[in-house]
file input.cif (mmCIF, C-alpha atoms and all ligand atoms)
data_query
loop_
_atom_site.label_atom_id
_atom_site.label_comp_id
_atom_site.auth_asym_id
_atom_site.auth_seq_id
_atom_site.Cartn_x
_atom_site.Cartn_y
_atom_site.Cartn_z
CA MET A 21 109.09 81.56 80.82
CA ARG A 22 107.80 84.82 82.26
CA MET A 23 109.88 87.86 81.29
CA PRO A 24 110.78 89.80 84.46
CA PHE A 25 109.22 93.25 84.62
CA VAL A 26 110.09 96.41 86.55
CA ALA A 27 108.04 99.58 86.26
CA GLY A 28 108.66 102.97 87.86
CA ASN A 29 105.60 104.88 88.97
CA TRP A 30 106.66 108.51 89.30
CA LYS A 31 103.23 109.48 90.70
CA MET A 32 102.59 113.26 90.75
CA ASN A 33 106.29 114.12 90.77
CA THR A 34 108.59 115.88 88.28
CA THR A 35 107.91 118.77 85.95
CA VAL A 36 108.52 118.05 82.27
CA THR A 37 112.06 119.43 82.59
CA GLU A 38 112.78 117.40 85.73
CA GLY A 39 111.36 114.28 84.09
CA GLU A 40 113.62 114.72 81.05
CA GLN A 41 116.58 115.16 83.38
CA LEU A 42 115.71 111.98 85.27
CA VAL A 43 115.49 110.03 82.01
CA LEU A 44 118.84 111.44 80.90
CA GLU A 45 120.40 110.23 84.14
CA MET A 46 119.26 106.64 83.67
CA ILE A 47 118.61 105.97 79.99
CA VAL A 48 122.02 104.62 78.97
CA LYS A 49 122.48 102.34 81.99
CA LEU A 50 118.89 101.13 81.91
CA ASP A 51 118.93 100.49 78.18
CA ARG A 52 121.93 98.16 78.55
CA ILE A 53 120.20 95.83 81.03
CA GLU A 54 118.84 92.80 79.23
CA GLY A 55 116.32 90.19 80.30
CA VAL A 56 113.93 92.58 82.08
CA GLU A 57 111.06 94.55 80.61
CA LYS A 58 111.67 98.12 81.84
CA VAL A 59 108.83 100.61 81.98
CA LEU A 60 108.71 104.25 83.08
CA CYS A 61 105.36 105.76 84.09
CA PRO A 62 105.78 109.54 84.30
CA PRO A 63 102.94 112.08 84.65
CA PHE A 64 100.72 112.56 81.56
CA VAL A 65 102.31 115.90 80.63
CA SER A 66 105.74 114.29 80.24
CA LEU A 67 104.64 111.40 78.03
CA ILE A 68 105.29 113.14 74.70
CA ALA A 69 108.77 114.34 75.62
CA ILE A 70 109.81 111.05 77.21
CA ASN A 71 108.33 109.02 74.39
CA MET A 72 110.69 110.88 72.05
CA MET A 73 113.67 110.37 74.34
CA LEU A 74 113.03 106.62 74.57
CA GLN A 75 112.78 106.07 70.80
CA GLY A 76 115.31 103.43 69.77
CA SER A 77 115.88 102.28 73.35
CA SER A 78 114.69 99.12 75.09
CA ILE A 79 112.80 101.15 77.71
CA LYS A 80 109.03 101.31 77.46
CA LEU A 81 106.53 103.89 78.56
CA GLY A 82 103.37 103.68 80.63
CA ALA A 83 100.73 106.09 81.92
CA GLN A 84 99.50 106.18 85.52
CA ASN A 85 95.78 106.24 84.84
CA MET A 86 93.18 106.80 82.10
CA TYR A 87 89.44 107.18 81.66
CA PHE A 88 87.39 104.32 80.23
CA GLU A 89 85.66 106.26 77.44
CA THR A 90 87.54 106.80 74.20
CA ALA A 91 86.40 110.41 73.56
CA GLY A 92 83.73 112.91 74.52
CA ALA A 93 82.66 115.52 77.07
CA TYR A 94 84.78 114.37 80.01
CA THR A 95 86.69 117.51 80.90
CA GLY A 96 90.12 116.86 82.27
CA GLU A 97 90.21 113.15 81.44
CA ILE A 98 92.65 111.26 79.22
CA SER A 99 91.44 108.48 76.94
CA PRO A 100 92.98 105.17 75.85
CA LEU A 101 93.05 106.43 72.26
CA MET A 102 95.23 109.36 73.31
CA LEU A 103 97.53 107.16 75.34
CA ARG A 104 98.06 104.41 72.84
CA GLU A 105 99.87 106.81 70.48
CA LEU A 106 102.39 107.45 73.23
CA CYS A 107 102.73 104.43 75.45
CA GLU A 108 102.29 100.68 75.70
CA PHE A 109 101.23 100.31 79.35
CA VAL A 110 98.83 101.95 81.76
CA ILE A 111 98.66 101.55 85.55
CA LEU A 112 95.05 100.91 86.59
CA GLY A 113 93.42 100.58 89.99
CA HIS A 114 96.37 101.98 91.96
CA SER A 115 95.42 102.24 95.63
CA GLU A 116 95.94 106.02 95.51
CA ARG A 117 93.31 106.20 92.75
CA ARG A 118 91.01 103.93 94.73
CA GLY A 119 91.61 105.78 98.00
CA TYR A 120 91.79 109.47 97.01
CA PHE A 121 89.67 109.50 93.86
CA GLY A 122 86.93 107.04 94.70
CA GLU A 123 87.74 104.43 92.06
CA THR A 124 85.56 101.42 92.71
CA ASP A 125 86.12 97.85 91.54
CA GLU A 126 83.49 98.53 88.88
CA ILE A 127 85.35 101.57 87.52
CA VAL A 128 88.63 99.64 87.53
CA ASN A 129 86.91 96.86 85.56
CA LYS A 130 85.69 99.37 82.94
CA LYS A 131 89.18 100.80 82.65
CA VAL A 132 90.82 97.38 82.25
CA LYS A 133 88.30 96.50 79.52
CA ALA A 134 88.86 99.85 77.76
CA ALA A 135 92.64 99.53 77.90
CA LEU A 136 92.63 96.02 76.44
CA ALA A 137 90.11 96.96 73.77
CA ASN A 138 92.42 99.78 72.70
CA ASN A 139 95.67 97.83 72.65
CA LEU A 140 97.03 99.23 75.88
CA LYS A 141 98.49 96.81 78.41
CA PRO A 142 97.12 97.29 81.92
CA ILE A 143 99.28 97.05 85.02
CA LEU A 144 96.42 96.19 87.34
CA CYS A 145 97.05 97.03 91.00
CA VAL A 146 95.42 95.14 93.85
CA GLY A 147 96.15 94.98 97.55
CA GLU A 148 94.65 95.13 101.00
CA ARG A 149 94.60 98.03 103.48
CA LEU A 150 96.27 97.79 106.88
CA GLU A 151 93.07 97.05 108.80
CA GLU A 152 92.15 94.36 106.28
CA ASN A 153 95.62 92.84 106.63
CA GLU A 154 95.37 92.87 110.41
CA ALA A 155 91.94 91.27 110.24
CA GLY A 156 93.38 88.42 108.14
CA LYS A 157 91.39 89.51 105.09
CA THR A 158 94.21 89.82 102.55
CA GLU A 159 93.05 86.92 100.38
CA GLU A 160 89.40 87.94 100.59
CA VAL A 161 90.21 91.50 99.43
CA VAL A 162 92.62 90.51 96.70
CA ASN A 163 90.21 87.83 95.45
CA ARG A 164 87.41 90.42 95.24
CA GLN A 165 89.58 92.98 93.47
CA VAL A 166 90.97 90.55 90.89
CA MET A 167 87.58 88.91 90.21
CA ALA A 168 85.94 92.32 89.81
CA ALA A 169 88.68 93.85 87.65
CA LEU A 170 88.63 90.91 85.22
CA ASN A 171 84.87 90.43 85.28
CA GLY A 172 83.43 89.89 81.81
CA ILE A 173 86.81 89.82 80.12
CA GLU A 174 87.27 86.78 77.92
CA PRO A 175 90.80 85.42 77.79
CA VAL A 176 90.79 85.65 73.99
CA VAL A 177 89.87 89.34 74.13
CA LEU A 178 93.23 89.88 75.74
CA SER A 179 94.93 88.49 72.70
CA ARG A 180 95.26 90.51 69.54
CA SER A 181 96.35 87.79 67.21
CA SER A 182 95.96 84.33 68.64
CA GLU A 183 94.20 82.29 71.25
CA ARG A 184 97.37 80.93 72.81
CA SER A 185 97.54 81.54 76.52
CA GLU A 186 101.08 82.94 76.28
CA GLU A 187 99.68 85.70 74.09
CA THR A 188 96.80 86.28 76.44
CA ALA A 189 98.98 86.58 79.49
CA LYS A 190 101.35 88.94 77.73
CA ASN A 191 98.89 91.82 77.62
CA LEU A 192 98.12 92.04 81.31
CA VAL A 193 100.38 92.51 84.31
CA ILE A 194 99.09 92.41 87.89
CA ALA A 195 100.85 94.23 90.72
CA TYR A 196 100.21 93.09 94.27
CA GLU A 197 100.60 96.24 96.34
CA PRO A 198 99.53 96.05 99.98
CA VAL A 199 98.31 99.58 100.73
CA TRP A 200 100.09 99.67 104.09
CA ALA A 201 103.43 99.10 102.34
CA ILE A 202 103.09 101.88 99.76
CA GLY A 203 105.28 104.90 100.47
CA THR A 204 105.65 103.89 104.12
CA GLY A 205 109.13 102.36 104.09
CA LYS A 206 107.50 99.27 105.59
CA ALA A 207 107.67 96.61 102.88
CA ALA A 208 105.90 93.28 103.16
CA SER A 209 108.02 90.15 103.68
CA GLY A 210 109.15 88.11 100.72
CA LYS A 211 107.30 85.06 102.02
CA GLN A 212 104.01 86.91 102.45
CA VAL A 213 104.32 88.44 99.00
CA ALA A 214 105.08 85.06 97.42
CA ALA A 215 102.06 83.46 99.12
CA THR A 216 99.68 86.23 98.04
CA ILE A 217 101.00 86.25 94.49
CA GLN A 218 100.53 82.47 94.28
CA PHE A 219 96.99 83.04 95.56
CA ILE A 220 96.42 85.60 92.76
CA ARG A 221 97.66 83.04 90.21
CA ASP A 222 95.07 80.60 91.58
CA VAL A 223 92.34 83.23 91.31
CA VAL A 224 93.31 83.96 87.69
CA ALA A 225 93.35 80.20 87.01
CA LYS A 226 89.79 80.00 88.34
CA ILE A 227 88.65 82.95 86.19
CA TRP A 228 90.37 81.81 82.99
CA ASN A 229 92.55 78.74 83.13
CA LYS A 230 95.56 77.26 84.86
CA SER A 231 97.98 78.06 82.08
CA ILE A 232 97.11 81.77 82.11
CA GLY A 233 97.40 81.80 85.91
CA GLN A 234 100.86 80.37 85.45
CA ASP A 235 101.92 82.57 82.50
CA LEU A 236 100.70 85.93 83.80
CA ARG A 237 103.30 88.28 85.18
CA ILE A 238 102.65 89.38 88.75
CA LEU A 239 104.74 92.02 90.51
CA TYR A 240 105.19 93.20 94.05
CA GLY A 241 104.92 96.90 94.92
CA GLY A 242 105.34 98.69 98.25
CA SER A 243 108.49 100.45 99.50
CA VAL A 244 110.77 98.54 97.13
CA THR A 245 114.36 99.84 97.17
CA SER A 246 117.74 98.69 95.91
CA ALA A 247 118.35 97.34 99.42
CA ASN A 248 115.32 95.02 99.59
CA ILE A 249 114.51 94.09 95.96
CA VAL A 250 116.35 90.76 96.26
CA GLU A 251 113.98 89.57 98.98
CA PHE A 252 111.09 89.82 96.51
CA ILE A 253 112.54 88.79 93.21
CA SER A 254 114.30 85.78 94.69
CA GLN A 255 110.81 84.33 95.19
CA PRO A 256 109.92 82.29 92.07
CA GLU A 257 106.28 83.47 92.21
CA VAL A 258 107.30 87.15 91.91
CA ASP A 259 108.12 88.44 88.42
CA GLY A 260 109.36 91.91 89.29
CA ALA A 261 108.33 95.14 90.95
CA LEU A 262 106.23 98.25 90.64
CA VAL A 263 108.45 100.91 92.19
CA GLY A 264 107.21 104.28 93.44
CA GLY A 265 109.53 106.53 95.46
CA ALA A 266 112.73 104.72 94.52
CA SER A 267 112.02 105.15 90.81
CA LEU A 268 112.60 108.90 91.20
CA LYS A 269 116.29 108.31 91.88
CA ALA A 270 118.15 107.20 88.77
CA GLU A 271 120.79 105.19 90.60
CA GLU A 272 118.25 103.42 92.80
CA PHE A 273 116.00 102.48 89.91
CA VAL A 274 118.87 101.26 87.74
CA SER A 275 120.14 99.15 90.65
CA ILE A 276 116.68 97.61 91.20
CA VAL A 277 116.42 96.67 87.51
CA LYS A 278 120.00 95.37 87.43
CA GLN A 279 119.50 93.15 90.49
CA THR A 280 116.26 91.83 88.99
CA ALA A 281 118.10 90.90 85.77
CA GLU A 282 120.88 89.19 87.72
CA ILE A 283 118.67 87.18 90.06
CA LYS A 284 116.06 86.18 87.52
CA GLY A 285 118.72 85.49 84.87
CA ARG A 286 120.49 83.11 87.22
CA LYS A 287 117.28 81.12 87.78
CA LYS A 288 116.73 80.33 84.07
C1 LIG A 301 103.58 102.65 94.05
O1 LIG A 301 103.38 103.84 93.89
O2 LIG A 301 103.00 101.83 93.34
C2 LIG A 301 104.50 102.23 95.10
C3 LIG A 301 104.68 100.95 95.30
O3 LIG A 301 105.13 103.22 95.83
P1 LIG A 301 106.42 103.06 96.80
O4 LIG A 301 107.42 102.21 96.06
O5 LIG A 301 106.89 104.45 97.02
O6 LIG A 301 105.94 102.39 98.04
#
call {"tool": "encode", "arguments": {"input": "input.cif", "output": "C-alpha cells", "more": "lines below"}}
Ligand code: PEP
result
Amino acid sequence: MRMPFVAGNWKMNTTVTEGEQLVLEMIVKLDRIEGVEKVLCPPFVSLIAINMMLQGSSIKLGAQNMYFETAGAYTGEISPLMLRELCEFVILGHSERRGYFGETDEIVNKKVKAALANNLKPILCVGERLEENEAGKTEEVVNRQVMAALNGIEPVVLSRSSERSEETAKNLVIAYEPVWAIGTGKAASGKQVAATIQFIRDVVAKIWNKSIGQDLRILYGGSVTSANIVEFISQPEVDGALVGGASLKAEEFVSIVKQTAEIKGRKK
C-alpha cells in the first residue's frame, strides 16, 4: 500500500513572519487529517521557525533545494548536512531550478545521491516543457530525466536498514510536473497524468525492479487546486500532489489534503 502524499511548495514566497502565520492558520486542521503524509516546503530561512512549530504534529518539513556537497567554500549554498537537522524531505530538480538556474540532469543526479547519502528524502521533479509536449516527446523527456537522476544509485543505497523494496521505495518520491502546467492555471488531464505516471513506474522498474516501480510514490504537480485535486487523486496510479500556488492559502491546502485522504481512504 502506498501512503498518499501531499507537499506544499511555497517557492520564494513568505517572510519568516508570514510563513509562521500561514502555519498557524493550517496546523490544527492539517494535523487532524490522517492517512496522508503532509509536507510543507517553505523557504530556507523559515525552516528553523517552522520546524519548531511542527514539533509534536503529524506534519513534516521539506526544503526546496540543496547543494550536493556537504560542506566547503560554496558561498550562498545550503548542504544536506544542514538540512537534515531541520527537515526530512528536499525537493530536487524542480523545473524552476532547471529553467532559471541551469540545473542539468547531471547536477540533479548529484543532488539526489547526496540527499540519499545524508538521510534526506528527495522529492524528485520531472516533466516536459510545452514544446516537448506538443512534439509528442513527453515520454522521451521523462524517461531521460528519471534515468539520469537515478543513474548510479543502487536500490539498496536508498534503504537505511534493510534491502526490502518497501524500504527502498519509502525514501524517494517522484513528482511528475509538466512545465506548461506549473503556475499557469492550466492543469494536465487526469488521464494524461495517470498514463505518464504509469510510464514512470515502468522506467523505475527497468532501472531497479518491478516491485520498486510499483511501491514508489509518484505525485502530480501543476496548477493543482481544491477544485481539481479529485481528477488526479482518483487515478490509482497517482499517489498525491506537489502543490505550488494553492499551498500558500491555508484553506485551499487543507482542502486538497482532506480530499486526498477521503478519496484514497475510500479506495483501500
Ligand atoms: C510547483 O511549484 O511545483 C507547482 C506545481 O506549482 P503550481 O501548483 O503553482 O502550479
call {"tool": "closest_residue", "arguments": {"input": "input.cif", "among": "A:Leu44, A:Ile79, A:Leu60, A:Leu106", "to": "ligand LIG 301 (chain A)", "atoms": "all atoms listed in the file"}}
result
A:Leu60
call {"tool": "residues_near_point", "arguments": {"input": "input.cif", "point": "(105.8, 84.9, 86.5)", "cutoff": "9 Å", "atoms": "all atoms listed in the file", "output": "ChimeraX atom specification"}}
result
/A:21-24,233-239,256-260
call {"tool": "residues_near_ligand", "arguments": {"input": "input.cif", "ligand": "ligand LIG 301 (chain A)", "cutoff": "7 Å", "atoms": "all atoms listed in the file", "output": "PDB file with C-alpha atoms, in the frame of the given file"}}
result
ATOM      1  CA  ASN A  29     105.600 104.880  88.970  1.00  0.00           C
ATOM      2  CA  LYS A  31     103.230 109.480  90.700  1.00  0.00           C
ATOM      3  CA  HIS A 114      96.370 101.980  91.960  1.00  0.00           C
ATOM      4  CA  GLU A 197     100.600  96.240  96.340  1.00  0.00           C
ATOM      5  CA  ALA A 201     103.430  99.100 102.340  1.00  0.00           C
ATOM      6  CA  ILE A 202     103.090 101.880  99.760  1.00  0.00           C
ATOM      7  CA  GLY A 203     105.280 104.900 100.470  1.00  0.00           C
ATOM      8  CA  THR A 204     105.650 103.890 104.120  1.00  0.00           C
ATOM      9  CA  GLY A 205     109.130 102.360 104.090  1.00  0.00           C
ATOM     10  CA  GLY A 241     104.920  96.900  94.920  1.00  0.00           C
ATOM     11  CA  GLY A 242     105.340  98.690  98.250  1.00  0.00           C
ATOM     12  CA  SER A 243     108.490 100.450  99.500  1.00  0.00           C
ATOM     13  CA  VAL A 244     110.770  98.540  97.130  1.00  0.00           C
ATOM     14  CA  LEU A 262     106.230  98.250  90.640  1.00  0.00           C
ATOM     15  CA  VAL A 263     108.450 100.910  92.190  1.00  0.00           C
ATOM     16  CA  GLY A 264     107.210 104.280  93.440  1.00  0.00           C
ATOM     17  CA  GLY A 265     109.530 106.530  95.460  1.00  0.00           C
ATOM     18  CA  ALA A 266     112.730 104.720  94.520  1.00  0.00           C
TER      19      ALA A 266
END
call {"tool": "residues_near_point", "arguments": {"input": "input.cif", "point": "(90.1, 95.2, 88.9)", "cutoff": "9 Å", "atoms": "only C-alpha atoms", "output": "number ranges by chain"}}
result
A: 112-113, 124-132, 144-146, 164-171
call {"tool": "write_last_selection", "arguments": {"input": "input.cif", "atoms": "C-alpha atoms", "output": "mmCIF file, keeping the file's coordinate frame"}}
result
data_model
loop_
_atom_site.group_PDB
_atom_site.id
_atom_site.type_symbol
_atom_site.label_atom_id
_atom_site.label_comp_id
_atom_site.auth_asym_id
_atom_site.auth_seq_id
_atom_site.Cartn_x
_atom_site.Cartn_y
_atom_site.Cartn_z
ATOM 1 C CA LEU A 112 95.050 100.910 86.590
ATOM 2 C CA GLY A 113 93.420 100.580 89.990
ATOM 3 C CA THR A 124 85.560 101.420 92.710
ATOM 4 C CA ASP A 125 86.120 97.850 91.540
ATOM 5 C CA GLU A 126 83.490 98.530 88.880
ATOM 6 C CA ILE A 127 85.350 101.570 87.520
ATOM 7 C CA VAL A 128 88.630 99.640 87.530
ATOM 8 C CA ASN A 129 86.910 96.860 85.560
ATOM 9 C CA LYS A 130 85.690 99.370 82.940
ATOM 10 C CA LYS A 131 89.180 100.800 82.650
ATOM 11 C CA VAL A 132 90.820 97.380 82.250
ATOM 12 C CA LEU A 144 96.420 96.190 87.340
ATOM 13 C CA CYS A 145 97.050 97.030 91.000
ATOM 14 C CA VAL A 146 95.420 95.140 93.850
ATOM 15 C CA ARG A 164 87.410 90.420 95.240
ATOM 16 C CA GLN A 165 89.580 92.980 93.470
ATOM 17 C CA VAL A 166 90.970 90.550 90.890
ATOM 18 C CA MET A 167 87.580 88.910 90.210
ATOM 19 C CA ALA A 168 85.940 92.320 89.810
ATOM 20 C CA ALA A 169 88.680 93.850 87.650
ATOM 21 C CA LEU A 170 88.630 90.910 85.220
ATOM 22 C CA ASN A 171 84.870 90.430 85.280
#
call {"tool": "residues_around", "arguments": {"input": "input.cif", "residues": "A:Lys230", "least_positions_apart": "2", "cutoff": "12 Å", "atoms": "all atoms listed in the file", "output": "MDAnalysis selection string"}}
result
chainID A and resid 175 185:186 189 218 220:228 232:236
call {"tool": "closest_residue", "arguments": {"input": "input.cif", "among": "A:Thr35, A:Asn138, A:Thr90, A:Asn248", "to": "A:Val110", "atoms": "all atoms listed in the file"}}
result
A:Asn138
call {"tool": "atom_distance", "arguments": {"input": "input.cif", "atom1": "atom CA of A:Asn71", "atom2": "atom CA of A:Ile283"}}
result
28.8 Å
call {"tool": "atom_distance", "arguments": {"input": "input.cif", "atom1": "atom CA of A:Val56", "atom2": "atom CA of A:Pro100"}}
result
25.2 Å
call {"tool": "residues_around", "arguments": {"input": "input.cif", "residues": "A:Ser267", "least_positions_apart": "5", "cutoff": "8 Å", "atoms": "all atoms listed in the file", "output": "count of residues only"}}
result
5
call {"tool": "atom_distance", "arguments": {"input": "input.cif", "atom1": "atom CA of A:Leu103", "atom2": "atom CA of A:Ala83"}}
result
7.4 Å
